[in-house]
file my_file-v7.cif (mmCIF, C-alpha atoms)
data_data
loop_
_atom_site.label_atom_id
_atom_site.label_comp_id
_atom_site.auth_asym_id
_atom_site.auth_seq_id
_atom_site.Cartn_x
_atom_site.Cartn_y
_atom_site.Cartn_z
CA MET A 120 -38.27 4.40 -9.32
CA GLY A 121 -35.86 1.49 -9.47
CA ARG A 122 -35.72 -1.19 -6.83
CA PRO A 123 -33.34 -0.39 -3.94
CA ARG A 124 -30.11 -2.36 -3.85
CA GLU A 125 -30.30 -5.42 -1.67
CA PHE A 126 -26.76 -5.20 -0.36
CA ASP A 127 -24.51 -2.83 1.57
CA THR A 128 -22.24 -1.13 -0.95
CA GLU A 129 -19.50 -0.30 1.58
CA GLU A 130 -19.46 -3.85 2.89
CA ALA A 131 -19.34 -5.14 -0.68
CA ILE A 132 -16.28 -2.97 -1.41
CA ALA A 133 -14.59 -4.23 1.76
CA ARG A 134 -15.24 -7.86 0.79
CA ALA A 135 -14.03 -7.20 -2.75
CA MET A 136 -10.90 -5.55 -1.35
CA ARG A 137 -9.94 -8.66 0.58
CA LEU A 138 -10.67 -10.87 -2.43
CA PHE A 139 -8.51 -8.74 -4.74
CA TRP A 140 -5.87 -8.61 -2.02
CA ARG A 141 -5.72 -12.41 -1.88
CA GLN A 142 -5.97 -13.15 -5.60
CA GLY A 143 -4.84 -10.02 -7.44
CA TYR A 144 -6.83 -8.20 -10.11
CA GLU A 145 -6.27 -10.67 -12.91
CA GLY A 146 -6.74 -13.68 -10.64
CA THR A 147 -10.17 -12.48 -9.50
CA SER A 148 -12.95 -13.26 -11.94
CA LEU A 149 -16.40 -11.73 -12.11
CA THR A 150 -17.75 -15.06 -10.91
CA ASP A 151 -15.43 -14.88 -7.90
CA LEU A 152 -16.72 -11.40 -7.14
CA THR A 153 -20.41 -12.20 -7.49
CA GLU A 154 -20.02 -15.30 -5.31
CA GLU A 155 -18.04 -13.39 -2.67
CA LEU A 156 -20.47 -10.49 -2.60
CA GLY A 157 -23.58 -12.62 -2.96
CA ILE A 158 -24.94 -10.59 -5.88
CA THR A 159 -25.65 -11.08 -9.56
CA ARG A 160 -23.55 -9.66 -12.38
CA PRO A 161 -26.27 -7.13 -13.31
CA SER A 162 -26.29 -5.93 -9.68
CA LEU A 163 -22.51 -5.62 -9.66
CA TYR A 164 -22.53 -3.61 -12.89
CA ALA A 165 -25.40 -1.44 -11.64
CA ALA A 166 -23.58 -0.66 -8.39
CA PHE A 167 -19.99 -0.29 -9.59
CA GLY A 168 -19.98 -0.08 -13.37
CA SER A 169 -17.28 -2.66 -14.00
CA LYS A 170 -14.74 -4.95 -12.40
CA GLU A 171 -12.08 -2.30 -12.96
CA ALA A 172 -14.15 0.40 -11.24
CA LEU A 173 -14.79 -1.92 -8.28
CA PHE A 174 -11.09 -2.70 -8.03
CA LEU A 175 -10.24 1.01 -7.89
CA LYS A 176 -12.78 1.53 -5.11
CA ALA A 177 -11.28 -1.44 -3.28
CA LEU A 178 -7.81 0.03 -3.76
CA ASP A 179 -8.96 3.39 -2.35
CA LEU A 180 -10.34 1.59 0.71
CA TYR A 181 -7.13 -0.41 1.12
CA GLU A 182 -5.03 2.75 1.06
CA ALA A 183 -7.34 4.46 3.56
CA ARG A 184 -7.16 1.52 5.98
CA ALA A 185 -3.41 1.03 5.57
CA GLY A 186 -2.93 4.44 7.12
CA TYR A 187 0.64 4.05 8.39
CA ARG A 188 2.07 6.15 5.56
CA GLU A 189 -0.08 9.16 6.40
CA ALA A 190 0.43 8.70 10.14
CA ALA A 191 4.21 8.61 9.63
CA LEU A 192 4.15 12.18 8.27
CA ALA A 193 3.62 13.40 11.84
CA ALA A 194 7.01 11.98 12.93
CA PRO A 195 9.28 14.78 14.20
CA THR A 196 12.47 13.77 12.38
CA ALA A 197 13.47 12.17 9.10
CA ARG A 198 14.76 9.09 10.87
CA ALA A 199 11.59 8.77 12.95
CA TYR A 200 9.61 9.14 9.72
CA ALA A 201 11.60 6.36 8.03
CA GLN A 202 11.18 4.18 11.12
CA ALA A 203 7.42 4.75 11.17
CA LEU A 204 7.15 3.80 7.50
CA LEU A 205 9.18 0.61 7.80
CA GLU A 206 7.64 -0.52 11.08
CA GLY A 207 4.17 0.33 9.77
CA ALA A 208 4.73 -1.85 6.72
CA ALA A 209 6.07 -4.69 8.88
CA ASP A 210 3.09 -4.48 11.25
CA LEU A 211 0.47 -4.32 8.49
CA HIS A 212 1.88 -7.10 6.35
CA GLY A 213 2.99 -9.20 9.31
CA ASP A 214 -0.59 -9.34 10.57
CA LYS A 215 -1.74 -12.84 9.66
CA SER A 216 -5.39 -11.76 9.86
CA ASN A 217 -4.76 -9.84 6.62
CA PRO A 218 -4.27 -11.46 3.23
CA PRO A 219 -0.55 -11.87 2.48
CA GLY A 220 1.38 -9.22 0.60
CA CYS A 221 0.25 -5.83 -0.63
CA LEU A 222 -2.86 -5.16 -2.71
CA GLY A 223 -0.94 -2.61 -4.78
CA VAL A 224 1.67 -5.25 -5.63
CA GLN A 225 -0.57 -8.32 -5.76
CA GLY A 226 -3.06 -6.49 -7.93
CA ALA A 227 -0.53 -5.91 -10.68
CA LEU A 228 0.83 -9.44 -10.95
CA ALA A 229 0.39 -11.13 -14.31
CA CYS A 230 -1.86 -8.44 -15.77
CA ALA A 231 -3.12 -9.32 -19.25
CA PRO A 232 -2.87 -6.70 -22.03
CA GLU A 233 -6.55 -5.79 -21.61
CA SER A 234 -5.83 -4.96 -17.95
CA ASP A 235 -2.99 -2.59 -18.77
CA SER A 236 -4.93 0.37 -17.38
CA ILE A 237 -4.87 -1.29 -13.95
CA ARG A 238 -1.13 -1.91 -14.17
CA LYS A 239 -0.54 1.73 -15.09
CA GLU A 240 -2.80 2.96 -12.28
CA LEU A 241 -0.87 0.92 -9.73
CA ILE A 242 2.46 2.18 -11.08
CA LEU A 243 1.14 5.74 -10.82
CA ARG A 244 0.04 5.24 -7.22
CA ARG A 245 3.41 3.79 -6.26
CA ARG A 246 5.11 6.79 -7.84
CA ILE A 247 2.84 9.16 -5.94
CA GLY A 248 3.65 7.34 -2.71
CA GLU A 249 7.36 7.67 -3.39
CA SER A 250 6.99 11.36 -4.26
CA ILE A 251 5.30 11.99 -0.89
CA ILE A 252 8.27 10.37 0.86
CA ARG A 253 10.69 12.41 -1.26
CA ASP A 254 8.93 15.69 -0.45
CA ARG A 255 9.02 14.92 3.28
CA LEU A 256 12.73 14.21 3.09
CA LYS A 257 13.38 17.36 1.07
CA ARG A 258 11.88 19.35 3.93
CA ALA A 259 14.05 17.43 6.36
CA LYS A 260 17.16 18.37 4.41
CA VAL A 261 16.19 22.05 4.35
CA ASP A 262 15.69 21.84 8.13
CA GLY A 263 19.15 20.35 8.61
CA ASP A 264 17.68 17.01 9.67
CA LEU A 265 19.65 15.19 6.95
CA PRO A 266 23.33 15.50 6.02
CA ALA A 267 24.18 18.01 3.29
CA ASP A 268 25.22 15.19 0.95
CA ALA A 269 22.01 13.18 1.45
CA ASP A 270 19.82 12.81 -1.64
CA PRO A 271 16.09 12.82 -0.76
CA ALA A 272 15.22 11.12 -4.05
CA ASP A 273 17.66 8.27 -3.42
CA LEU A 274 16.45 7.88 0.16
CA ALA A 275 12.80 7.86 -0.93
CA ARG A 276 13.59 5.16 -3.49
CA TYR A 277 15.49 3.19 -0.85
CA LEU A 278 12.55 3.31 1.54
CA SER A 279 10.11 2.33 -1.20
CA ILE A 280 12.26 -0.63 -2.21
CA VAL A 281 12.50 -1.85 1.38
CA ILE A 282 8.75 -1.37 1.98
CA TYR A 283 7.82 -3.34 -1.12
CA GLY A 284 10.44 -5.92 -0.25
CA ILE A 285 8.71 -6.34 3.10
CA THR A 286 5.40 -6.97 1.31
CA VAL A 287 6.95 -9.60 -0.97
CA GLN A 288 8.54 -11.36 2.01
CA ALA A 289 5.19 -11.27 3.81
CA ALA A 290 3.50 -12.84 0.79
CA GLY A 291 6.10 -15.60 1.02
CA GLY A 292 5.21 -16.34 4.64
CA ALA A 293 7.64 -14.19 6.65
CA THR A 294 6.47 -13.53 10.20
CA ARG A 295 5.87 -10.11 11.73
CA LYS A 296 8.97 -10.59 13.89
CA GLU A 297 11.08 -11.34 10.82
CA LEU A 298 9.70 -8.31 8.98
CA GLN A 299 10.32 -6.07 11.98
CA SER A 300 13.91 -7.31 12.18
CA ALA A 301 14.41 -6.45 8.51
CA ALA A 302 12.98 -2.97 9.11
CA LYS A 303 15.38 -2.37 11.99
CA LEU A 304 18.32 -3.57 9.92
CA ALA A 305 17.37 -1.21 7.07
CA LEU A 306 17.38 1.73 9.49
CA LYS A 307 21.02 1.10 10.37
CA ASN A 308 21.93 2.58 7.00
CA TRP A 309 19.94 5.76 7.61
CA PRO A 310 22.11 8.91 7.28
CA GLN A 311 22.34 10.99 10.42
CA ALA A 312 22.66 14.76 10.41
CA ALA A 313 25.38 16.24 12.57
CA ASN A 314 22.85 18.10 14.72
CA ALA A 315 20.92 14.88 15.32
CA LYS A 316 23.77 12.82 16.78
CA GLY A 317 23.13 11.53 20.23
CA ARG A 318 19.39 12.19 20.12
CA ARG A 319 17.25 9.10 20.53
CA GLY A 320 14.96 8.65 17.53
CA ALA A 321 16.62 11.56 15.68
#
call {"tool": "encode", "arguments": {"input": "my_file-v7.cif", "output": "structure tokens"}}
result
Amino acid sequence: MGRPREFDTEEAIARAMRLFWRQGYEGTSLTDLTEELGITRPSLYAAFGSKEALFLKALDLYEARAGYREAALAAPTARAYAQALLEGAADLHGDKSNPPGCLGVQGALACAPESDSIRKELILRRRIGESIIRDRLKRAKVDGDLPADADPADLARYLSIVIYGITVQAAGGATRKELQSAAKLALKNWPQAANAKGRRGA
């Protein structure tokens, strides 16, 4: 039998997540990882297989902990859903105890050709995230919670652009208050269904 690992795998993934979040995928070397995790390269390879595999595990953990997108799906109206998404992004990325910006955005910056699989994976995940928003808004339109001329695809793209804009502003040092103000301003353009007029949060 092999020797048991001398480190906590879940804790190692969490530490790697924060390192990747701060430095991006390309900006984080194997030396950075082994020093941060306090393990040797052979131990890292034995536990995770590769830097890429560790990054994907870190990304899964990041998405699980940044749970505002999933929580927003419980919002009763399309506008409340959009509000929950934008305010959730502002709260997460305005929290100065977190590394600045978004791991999904930071991770893809300046990817070298040999890291193209990571870039494509992050693009795919962003597209999946946008498709989830689009599907929620399609249901809202069927329910009469959006105007007849509203385009769920355009609205999903709009929300995604604002959310990622919030993360870029956060990476540049914007405060939580500033990000929340931007989120509120973006909501002013939200289309309102005729049957929702006058309802608070509708």
call {"tool": "closest_residue", "arguments": {"input": "my_file-v7.cif", "among": "A:Gly248, A:Val224, A:Gly263, A:Asn308", "to": "A:Tyr283", "atoms": "all atoms listed in the file"}}
result
A:Val224
call {"tool": "closest_residue", "arguments": {"input": "my_file-v7.cif", "among": "A:Arg160, A:His212, A:Arg246, A:Lys257", "to": "A:Trp140", "atoms": "all atoms listed in the file"}}
result
A:His212
call {"tool": "closest_residue", "arguments": {"input": "my_file-v7.cif", "among": "A:Ala201, A:Leu222, A:Ile158, A:Leu306", "to": "A:Phe139", "atoms": "all atoms listed in the file"}}
result
A:Leu222
call {"tool": "atom_distance", "arguments": {"input": "my_file-v7.cif", "atom1": "atom CA of A:Thr196", "atom2": "atom CA of A:Ala269"}}
result
14.5 Å
call {"tool": "atom_distance", "arguments": {"input": "my_file-v7.cif", "atom1": "atom CA of A:Glu145", "atom2": "atom CA of A:Leu175"}}
result
13.3 Å
call {"tool": "atom_distance", "arguments": {"input": "my_file-v7.cif", "atom1": "atom CA of A:Ala275", "atom2": "atom CA of A:Ala203"}}
result
13.6 Å
call {"tool": "closest_residue", "arguments": {"input": "my_file-v7.cif", "among": "A:Ala135, A:Ala312, A:Ala172, A:Leu278", "to": "A:Glu206", "atoms": "only C-alpha atoms"}}
result
A:Leu278
call {"tool": "residues_around", "arguments": {"input": "my_file-v7.cif", "residues": "A:Leu173", "least_positions_apart": "3", "cutoff": "9 Å", "atoms": "only C-alpha atoms", "output": "MDAnalysis selection string"}}
result
chainID A and resid 132 135:136 163 166:170 176:178
call {"tool": "resolve_selection", "arguments": {"input": "my_file-v7.cif", "expression": "the PyMOL selection byres ((chain A and resi 187) around 9)", "output": "PDB file with C-alpha atoms, keeping the file's coordinate frame"}}
result
ATOM      1  CA  ARG A 184      -7.160   1.520   5.980  1.00  0.00           C
ATOM      2  CA  ALA A 185      -3.410   1.030   5.570  1.00  0.00           C
ATOM      3  CA  GLY A 186      -2.930   4.440   7.120  1.00  0.00           C
ATOM      4  CA  ARG A 188       2.070   6.150   5.560  1.00  0.00           C
ATOM      5  CA  GLU A 189      -0.080   9.160   6.400  1.00  0.00           C
ATOM      6  CA  ALA A 190       0.430   8.700  10.140  1.00  0.00           C
ATOM      7  CA  ALA A 191       4.210   8.610   9.630  1.00  0.00           C
ATOM      8  CA  LEU A 192       4.150  12.180   8.270  1.00  0.00           C
ATOM      9  CA  ALA A 203       7.420   4.750  11.170  1.00  0.00           C
ATOM     10  CA  LEU A 204       7.150   3.800   7.500  1.00  0.00           C
ATOM     11  CA  GLU A 206       7.640  -0.520  11.080  1.00  0.00           C
ATOM     12  CA  GLY A 207       4.170   0.330   9.770  1.00  0.00           C
ATOM     13  CA  ALA A 208       4.730  -1.850   6.720  1.00  0.00           C
ATOM     14  CA  LEU A 211       0.470  -4.320   8.490  1.00  0.00           C
TER      15      LEU A 211
END
call {"tool": "residues_near_point", "arguments": {"input": "my_file-v7.cif", "point": "(-22.0, -4.8, -1.0)", "cutoff": "10 Å", "atoms": "only C-alpha atoms", "output": "PyMOL selection string"}}
result
chain A and resi 124-135+153+155-158+162-163+166-167
call {"tool": "residues_around", "arguments": {"input": "my_file-v7.cif", "residues": "stretch 260-262 of chain A", "least_positions_apart": "2", "cutoff": "12 Å", "atoms": "only C-alpha atoms", "output": "list in words"}}
result
Pro195, Thr196, Ala197, Arg198, Arg253, Asp254, Arg255, Leu256, Lys257, Arg258, Asp264, Leu265, Pro266, Ala267, Asp268, Ala269, Asp270, Pro271, Ala272, Leu274, Pro310, Gln311, Ala312, Ala313, Asn314 and Ala315 of chain A
call {"tool": "residues_around", "arguments": {"input": "my_file-v7.cif", "residues": "A:Arg295", "least_positions_apart": "6", "cutoff": "9 Å", "atoms": "all atoms listed in the file", "output": "list in words"}}
result
Ala209, Asp210, Leu211, His212, Gly213, Asp214, Lys215 and Ala289 of chain A
call {"tool": "build_atoms", "arguments": {"input": "my_file-v7.cif", "residues": "stretch 238-249 of chain A", "atoms": "N, CA and C atoms", "output": "short mmCIF file (atom, residue, chain, number, x, y, z; two decimals), keeping the file's coordinate frame"}}
result
data_model
loop_
_atom_site.label_atom_id
_atom_site.label_comp_id
_atom_site.auth_asym_id
_atom_site.auth_seq_id
_atom_site.Cartn_x
_atom_site.Cartn_y
_atom_site.Cartn_z
N ARG A 238 -2.58 -1.90 -14.41
CA ARG A 238 -1.13 -1.91 -14.17
C ARG A 238 -0.59 -0.49 -14.12
N LYS A 239 -1.02 0.35 -15.06
CA LYS A 239 -0.54 1.73 -15.09
C LYS A 239 -1.02 2.52 -13.88
N GLU A 240 -2.26 2.26 -13.46
CA GLU A 240 -2.80 2.96 -12.28
C GLU A 240 -1.99 2.60 -11.03
N LEU A 241 -1.63 1.34 -10.89
CA LEU A 241 -0.87 0.92 -9.73
C LEU A 241 0.54 1.48 -9.76
N ILE A 242 1.14 1.55 -10.94
CA ILE A 242 2.46 2.18 -11.08
C ILE A 242 2.38 3.64 -10.68
N LEU A 243 1.32 4.33 -11.15
CA LEU A 243 1.14 5.74 -10.82
C LEU A 243 1.01 5.94 -9.31
N ARG A 244 0.23 5.09 -8.66
CA ARG A 244 0.04 5.24 -7.22
C ARG A 244 1.33 4.97 -6.46
N ARG A 245 2.13 4.03 -6.92
CA ARG A 245 3.41 3.79 -6.26
C ARG A 245 4.33 4.99 -6.43
N ARG A 246 4.29 5.60 -7.61
CA ARG A 246 5.11 6.79 -7.84
C ARG A 246 4.66 7.96 -6.97
N ILE A 247 3.36 8.10 -6.81
CA ILE A 247 2.84 9.16 -5.94
C ILE A 247 3.29 8.92 -4.50
N GLY A 248 3.21 7.67 -4.07
CA GLY A 248 3.65 7.34 -2.71
C GLY A 248 5.11 7.67 -2.50
N GLU A 249 5.94 7.37 -3.50
CA GLU A 249 7.36 7.67 -3.39
C GLU A 249 7.60 9.18 -3.42
#
